[in-house]
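Here's the structure we're looking at; comments come further down.
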Amino acid sequence: MTVRSKVLPATVVDWFARPSSVWWGFAVVHVYFLGWMASFFLNGNTFSDTEQYRQWAMEGYNPADLTGKISPWVYPVLAQIPIFLANVAGPGLYLLAWFLIITALNAVGLLYLTRGPRTVTGVAPAWWWLFFTVFMGYLSFARVEGITAPIVLIALLYVAERPVVAGVLLSIATWIKVWPAAVLVPIVIASHKRVQVVLTGAAVTAVVCLGTWLTGGLPHIMDFLTNQGERGMQLEATFSTPWVWLSVFHIAGSKMADNTAINSTEVYGPGADVAAFLMQPLLILAALGAAILLVRALRRGAEREELFLEGALMMVTAFIVFNKVGSPQFIIWLAPVIIAGLTHDWERWKVPAALLMGIAMTTFVIYPLFYTPLIHAHPVMAAILTTRNVLFVVLLWWSVKRTAELGRKTTAQVPAGA
């Protein structure tokens with residue numbers, strides 16, 4: 001606050017502290033991306049993954065009709081709802097409709113972030129979110145992650161006082177994209193109402209399965225778990241870093257090449273296939289280790305809301321670090337956790353917030369700015385990717401350390417209503 005006061009006039013600082021100012025910032029950021037997207041949709045075009053979504057919306061969701069193409073069931077089934085809904089105005093305006101859906105969800109998330117008891121505490125985290133979106137909007141407005149992120153944010157804002165409602169929202173989000181499951185696990189572990197949360201998740205799953213059965217898609221409902229099982233190490237994955245540098249220096253025939261079957265760039269070289277095989281068991285072990293830390297902290301009297309949030313950060317970061325897929329949009333997974341953490345305790349969460357902003361900035365340089373030089377093994381871009389991956393590891397270390405510190409407490413604390 002001292003640095004900010006020295007740099008900016010007091011009237012400016014006061015303006016930025018008002019909840020109303022955040023909505024002006026929201027408008028500026030979203031109008032900017034609307035204008036940028038207009039260069040595509042005014043010509044009937046789409047941007048990035050929305051082209052694939054548009055094809056699914058026009059051609060249907062039956063894999064048998066998509067011979068040789070990527071199946072829409074690569075995502076959990078509820079992802080098909082926004083993908084289909086965005087085609088309501090026709091394929092020519094698909095990108096505009098998709099953008100407006102995400103903008104509406106972001107507005108609801110911002111409303112929950114800056115109202116009621118968070119009228120004061122939610123303003124600074126809201127500005128952090130907007131600044132984050134400046135760098136990540138090229139991804140969040142063109143990926144399914146943009147749909148799930150505000151849903152997860154709302155769930156985390158209410159997890160302490162309404163864990164069952166949070167469980168409903170996170171279960172729905174998980175059936176859109178799998179990653180919110182990493183947020184749901186700490187809630188199941190730490191909440192007083194874990195049985196109700198589990199039953200709620202089971203009920204949501206039952207409704208999803210019933211709806212999928214009624215529409216004839218039940219045989220494909222679990223395809224998202226197997227569609228990409230044979231893929232190799234994606235270029236941007238944290239554990240791909242050694243092969244990125246082997247490719248840069250042309251060592252032992254190492255290279256980066258496209259996997260056209262799943263529209264991904266992967267690394268190839270000595271041991272890359274072994275690493276790809278080992279990543280799934282490593283991810284499972286990391287998740288189990290995180291769960292053990294959470295149980296330990298809970299038994300030693302950790303404050304529950306902080307445990308929810310730090311556990312979510314630890315789990316989601318582990319899902320990224322120990323993943324053979326390293327798509328740039330994965331960074332969006334972490335934003336709702338950081339925003340909720342900043343709202344809960346700004347001082348405690350400003351370090352991971354700074355780390356994630358650094359990850360967002362380096363990711364922005366990688367995509368959309370200079371992805372082509374990266375896949376052609378440019379050493380500067382390899383260095384930027386390495387820097388980003390190191391920041392991920394540091395963020396994981398921070399979350400593990402903080403969760404372990406919660407577990408060292410020996411006196412029980414008052415639960416935060418969970």
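Ordering of the structure tokens sets the chain letters (A, B, ...), residue numbers begin anew at 1 in every chain, and ligands are numbered from 1 in the order given.
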
Practice prompt. Would you mind listing what lies within 12 Å of stretch 288-295 of chain A as a ChimeraX atom specification, with only C-alpha atoms counted and same-chain residues fewer than 2 positions away left out?
Written response: /A:182-191,281-286,297-304,306-319,396-397,399-408

Worksheet item: Near A:Val198, counting only C-alpha atoms, which residues have an atom at most 9 Å away, once you skip same-chain residues fewer than 3 positions from it, shown as a VMD selection string?
Response: chain A and resid 164 167 188 193 to 195 201 to 203

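For the set A:Gly90, A:Gly116, A:Pro76, A:Gly271, the residue with the smallest atom-to-atom gap to A:Leu218 is A:Pro76, counting only C-alpha atoms.
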
Worksheet, complete the sentence: A:Phe26 proximity check over A:Tyr75, A:Trp98, A:Phe131, A:Tyr53, using only C-alpha atoms: winner is A:Phe131

Discussion item. Among stretch 23-193 of chain A, which ones does DSSP assign to helix (DSSP H, G or I) (computed from the backbone)? Answer as a ChimeraX atom specification.
Written reply: /A:23-41,50-59,63-65,72-74,77-85,91-113,118-121,123-140,145-157,163-174,181-190

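Distance-wise, atom CA of A:Ile102 and atom CA of A:Asn87 end up 14.0 Å apart.
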
Discussion item. Show me, as a PyMOL selection string, the residues that have an atom within 9 Å of A:Met357 when counting only C-alpha atoms, minus same-chain residues fewer than 5 positions from it.
Written reply: chain A and resi 128+131-132+135+352+362

Quick one: write out the picked residues with C-alpha atoms as a short mmCIF file (atom, residue, chain, number, x, y, z; two decimals), in the first residue's frame?
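Full text of again.cif as output:
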```cif
data_model
loop_
_atom_site.label_atom_id
_atom_site.label_comp_id
_atom_site.auth_asym_id
_atom_site.auth_seq_id
_atom_site.Cartn_x
_atom_site.Cartn_y
_atom_site.Cartn_z
CA TRP A 128 -5.91 -8.77 -9.96
CA PHE A 131 -5.04 -7.68 -14.93
CA PHE A 132 -4.63 -11.46 -15.26
CA PHE A 135 -2.67 -11.56 -20.51
CA PRO A 352 1.30 -17.08 -5.06
CA THR A 362 5.45 -15.64 -19.70
#
```

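Atom CA of A:Gly341 sits 14.5 Å away from atom CA of A:Val120.
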
Fill in: Near-A:Gly232 list (7 Å; only C-alpha atoms; drop same-chain fewer than 6 positions) as number ranges by chain
A: 266, 273, 276

Fill in: Polymer residues at most 12 Å from A:Thr121, only C-alpha atoms, same-chain spacing of 5 or more positions, as a PyMOL selection string
chain A and resi 17-19+112-116+126-127+157+339-347

Take the residues that were just selected and, keeping N, CA and C atoms, output them as a compact mmCIF listing (two decimals), in the first residue's frame.
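Heads up, here's the output in selection_15.txt:
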```txt
# COMPACT_ATOMS: atom_id res chain seq x y z
N ALA A 17 -10.18 1.71 -5.21
CA ALA A 17 -10.67 0.94 -4.07
C ALA A 17 -12.19 0.81 -4.04
N ARG A 18 -12.88 1.51 -4.92
CA ARG A 18 -14.34 1.45 -4.94
C ARG A 18 -14.81 0.25 -5.77
N PRO A 19 -15.83 -0.48 -5.31
CA PRO A 19 -16.38 -1.58 -6.10
C PRO A 19 -16.85 -1.14 -7.48
N TYR A 112 -20.45 -11.66 -7.49
CA TYR A 112 -20.31 -12.38 -6.23
C TYR A 112 -19.03 -11.98 -5.50
N LEU A 113 -18.01 -11.59 -6.25
CA LEU A 113 -16.73 -11.22 -5.65
C LEU A 113 -16.77 -9.87 -4.97
N THR A 114 -17.65 -8.99 -5.39
CA THR A 114 -17.62 -7.61 -4.89
C THR A 114 -18.90 -7.18 -4.18
N ARG A 115 -19.71 -8.13 -3.74
CA ARG A 115 -20.93 -7.74 -3.05
C ARG A 115 -20.93 -8.29 -1.63
N GLY A 116 -21.85 -7.81 -0.81
CA GLY A 116 -22.03 -8.32 0.55
C GLY A 116 -20.77 -8.14 1.39
N ALA A 126 -10.38 -8.52 -7.38
CA ALA A 126 -11.06 -8.32 -8.67
C ALA A 126 -10.15 -7.62 -9.68
N TRP A 127 -9.41 -6.60 -9.21
CA TRP A 127 -8.45 -5.94 -10.09
C TRP A 127 -7.34 -6.89 -10.51
N LEU A 157 -15.82 -18.98 -3.29
CA LEU A 157 -16.23 -17.86 -2.44
C LEU A 157 -17.24 -18.29 -1.38
N ILE A 339 -7.75 -15.92 -6.66
CA ILE A 339 -8.69 -14.81 -6.38
C ILE A 339 -9.40 -15.05 -5.05
N ALA A 340 -9.89 -16.27 -4.84
CA ALA A 340 -10.54 -16.58 -3.57
C ALA A 340 -9.57 -16.48 -2.41
N GLY A 341 -8.32 -16.90 -2.62
CA GLY A 341 -7.32 -16.80 -1.57
C GLY A 341 -7.01 -15.36 -1.21
N LEU A 342 -6.87 -14.51 -2.22
CA LEU A 342 -6.62 -13.09 -1.97
C LEU A 342 -7.78 -12.45 -1.21
N THR A 343 -8.98 -12.88 -1.52
CA THR A 343 -10.16 -12.34 -0.83
C THR A 343 -10.17 -12.77 0.63
N HIS A 344 -9.72 -13.99 0.88
CA HIS A 344 -9.69 -14.52 2.25
C HIS A 344 -8.57 -13.89 3.07
N ASP A 345 -7.37 -13.74 2.51
CA ASP A 345 -6.22 -13.21 3.25
C ASP A 345 -5.20 -12.68 2.25
N TRP A 346 -5.29 -11.37 1.97
CA TRP A 346 -4.44 -10.76 0.95
C TRP A 346 -2.96 -10.95 1.25
N GLU A 347 -2.54 -10.73 2.47
CA GLU A 347 -1.12 -10.80 2.82
C GLU A 347 -0.58 -12.21 2.62
```

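Excluding A:Tyr268 itself and same-chain residues fewer than 5 positions from it, the residues having an atom within 12 Å of it are Arg231, Gly232, Met233, Gln234, Leu235, Ser240, Thr241, Pro242, Trp243, Val244, Trp245, Leu246, Ser247, Val248, His250, Ile251, Ala252, Gly253, Ser254, Lys255, Met256, Ala257, Asp258, Asn259, Asp273, Val274, Ala275 and Ala276 of chain A, counting only C-alpha atoms.
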
Same residues, N, CA and C atoms, saved as an mmCIF file, in the first residue's frame:
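Output (again-v9.cif):
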```cif
data_model
loop_
_atom_site.group_PDB
_atom_site.id
_atom_site.type_symbol
_atom_site.label_atom_id
_atom_site.label_comp_id
_atom_site.auth_asym_id
_atom_site.auth_seq_id
_atom_site.Cartn_x
_atom_site.Cartn_y
_atom_site.Cartn_z
ATOM 1 N N ARG A 231 -1.305 -40.301 -25.975
ATOM 2 C CA ARG A 231 -0.529 -39.156 -26.411
ATOM 3 C C ARG A 231 0.821 -39.124 -25.699
ATOM 4 N N GLY A 232 1.772 -38.407 -26.320
ATOM 5 C CA GLY A 232 3.098 -38.284 -25.735
ATOM 6 C C GLY A 232 3.225 -37.052 -24.869
ATOM 7 N N MET A 233 4.463 -36.645 -24.619
ATOM 8 C CA MET A 233 4.731 -35.472 -23.789
ATOM 9 C C MET A 233 4.511 -34.205 -24.614
ATOM 10 N N GLN A 234 3.518 -33.407 -24.222
ATOM 11 C CA GLN A 234 3.263 -32.166 -24.945
ATOM 12 C C GLN A 234 4.395 -31.177 -24.696
ATOM 13 N N LEU A 235 4.673 -30.387 -25.718
ATOM 14 C CA LEU A 235 5.786 -29.445 -25.705
ATOM 15 C C LEU A 235 5.860 -28.607 -24.433
ATOM 16 N N SER A 240 8.480 -31.880 -19.843
ATOM 17 C CA SER A 240 9.021 -31.902 -21.208
ATOM 18 C C SER A 240 10.248 -31.004 -21.356
ATOM 19 N N THR A 241 10.542 -30.199 -20.347
ATOM 20 C CA THR A 241 11.615 -29.204 -20.453
ATOM 21 C C THR A 241 12.952 -29.787 -20.903
ATOM 22 N N PRO A 242 13.413 -30.935 -20.370
ATOM 23 C CA PRO A 242 14.696 -31.476 -20.855
ATOM 24 C C PRO A 242 14.698 -31.757 -22.356
ATOM 25 N N TRP A 243 13.598 -32.271 -22.879
ATOM 26 C CA TRP A 243 13.551 -32.600 -24.308
ATOM 27 C C TRP A 243 13.411 -31.343 -25.178
ATOM 28 N N VAL A 244 12.837 -30.283 -24.594
ATOM 29 C CA VAL A 244 12.827 -29.006 -25.311
ATOM 30 C C VAL A 244 14.259 -28.561 -25.586
ATOM 31 N N TRP A 245 15.110 -28.637 -24.561
ATOM 32 C CA TRP A 245 16.499 -28.207 -24.737
ATOM 33 C C TRP A 245 17.303 -29.198 -25.582
ATOM 34 N N LEU A 246 16.987 -30.490 -25.494
ATOM 35 C CA LEU A 246 17.629 -31.454 -26.393
ATOM 36 C C LEU A 246 17.291 -31.135 -27.840
ATOM 37 N N SER A 247 16.047 -30.679 -28.070
ATOM 38 C CA SER A 247 15.634 -30.291 -29.424
ATOM 39 C C SER A 247 16.336 -29.022 -29.876
ATOM 40 N N VAL A 248 16.499 -28.073 -28.960
ATOM 41 C CA VAL A 248 17.184 -26.823 -29.297
ATOM 42 C C VAL A 248 18.605 -27.102 -29.773
ATOM 43 N N HIS A 250 19.685 -30.059 -30.866
ATOM 44 C CA HIS A 250 19.695 -31.158 -31.839
ATOM 45 C C HIS A 250 20.485 -32.357 -31.333
ATOM 46 N N ILE A 251 20.215 -32.752 -30.101
ATOM 47 C CA ILE A 251 20.935 -33.856 -29.480
ATOM 48 C C ILE A 251 20.148 -35.161 -29.625
ATOM 49 N N ALA A 252 20.817 -36.183 -30.089
ATOM 50 C CA ALA A 252 20.269 -37.552 -30.167
ATOM 51 C C ALA A 252 18.954 -37.622 -30.932
ATOM 52 N N GLY A 253 18.835 -36.806 -31.963
ATOM 53 C CA GLY A 253 17.641 -36.852 -32.802
ATOM 54 C C GLY A 253 16.385 -36.299 -32.148
ATOM 55 N N SER A 254 16.547 -35.593 -31.043
ATOM 56 C CA SER A 254 15.380 -35.028 -30.360
ATOM 57 C C SER A 254 14.731 -33.948 -31.222
ATOM 58 N N LYS A 255 13.402 -33.845 -31.126
ATOM 59 C CA LYS A 255 12.678 -32.881 -31.953
ATOM 60 C C LYS A 255 11.328 -32.565 -31.343
ATOM 61 N N MET A 256 10.706 -31.522 -31.876
ATOM 62 C CA MET A 256 9.317 -31.200 -31.567
ATOM 63 C C MET A 256 8.524 -31.399 -32.848
ATOM 64 N N ALA A 257 7.398 -32.093 -32.745
ATOM 65 C CA ALA A 257 6.615 -32.382 -33.944
ATOM 66 C C ALA A 257 5.141 -32.457 -33.587
ATOM 67 N N ASP A 258 4.294 -32.255 -34.594
ATOM 68 C CA ASP A 258 2.849 -32.262 -34.386
ATOM 69 C C ASP A 258 2.308 -33.681 -34.272
ATOM 70 N N ASN A 259 1.388 -33.857 -33.332
ATOM 71 C CA ASN A 259 0.553 -35.049 -33.272
ATOM 72 C C ASN A 259 -0.788 -34.632 -33.867
ATOM 73 N N ASP A 273 9.147 -41.294 -24.485
ATOM 74 C CA ASP A 273 8.004 -42.196 -24.409
ATOM 75 C C ASP A 273 7.870 -42.810 -23.014
ATOM 76 N N VAL A 274 9.026 -43.067 -22.357
ATOM 77 C CA VAL A 274 8.990 -43.586 -20.991
ATOM 78 C C VAL A 274 8.406 -42.535 -20.050
ATOM 79 N N ALA A 275 8.831 -41.283 -20.218
ATOM 80 C CA ALA A 275 8.308 -40.201 -19.391
ATOM 81 C C ALA A 275 6.800 -40.070 -19.559
ATOM 82 N N ALA A 276 6.334 -40.158 -20.801
ATOM 83 C CA ALA A 276 4.894 -40.052 -21.046
ATOM 84 C C ALA A 276 4.140 -41.177 -20.347
#
```

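Of the residues under consideration (A:Leu130, A:Ile221, A:Leu78, A:Val267), A:Leu130 shows the shortest atom-to-atom contact distance to A:Ser21 when counting only C-alpha atoms.
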
Fill in: Top pick for closest residue to A:Leu153, considering A:Ala206, A:Val88, A:Ala107, A:Met37 and counting only C-alpha atoms
A:Ala107

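Taking atom CA of A:Val325 and atom CA of A:Glu145 as endpoints, the distance between them is 14.8 Å.
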
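Minimum atom-to-atom distance to A:Ala354, evaluated using only C-alpha atoms, belongs to A:Pro125 out of A:Pro125, A:Pro180, A:Pro379, A:Gly146.
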
Response to the item:
Shortest contact to A:Phe322, candidates A:Leu169, A:Ile151, A:Val13, A:Val393, atoms counted only C-alpha atoms, goes to A:Val393

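Of the residues in stretch 130-321 of chain A, those given strand (DSSP E or B) by DSSP on the backbone are Gln234, Lys255, Met256, Ala257, Asp258, Asn259, Ser264, Thr265, Glu266, Val267 and Tyr268 of chain A.
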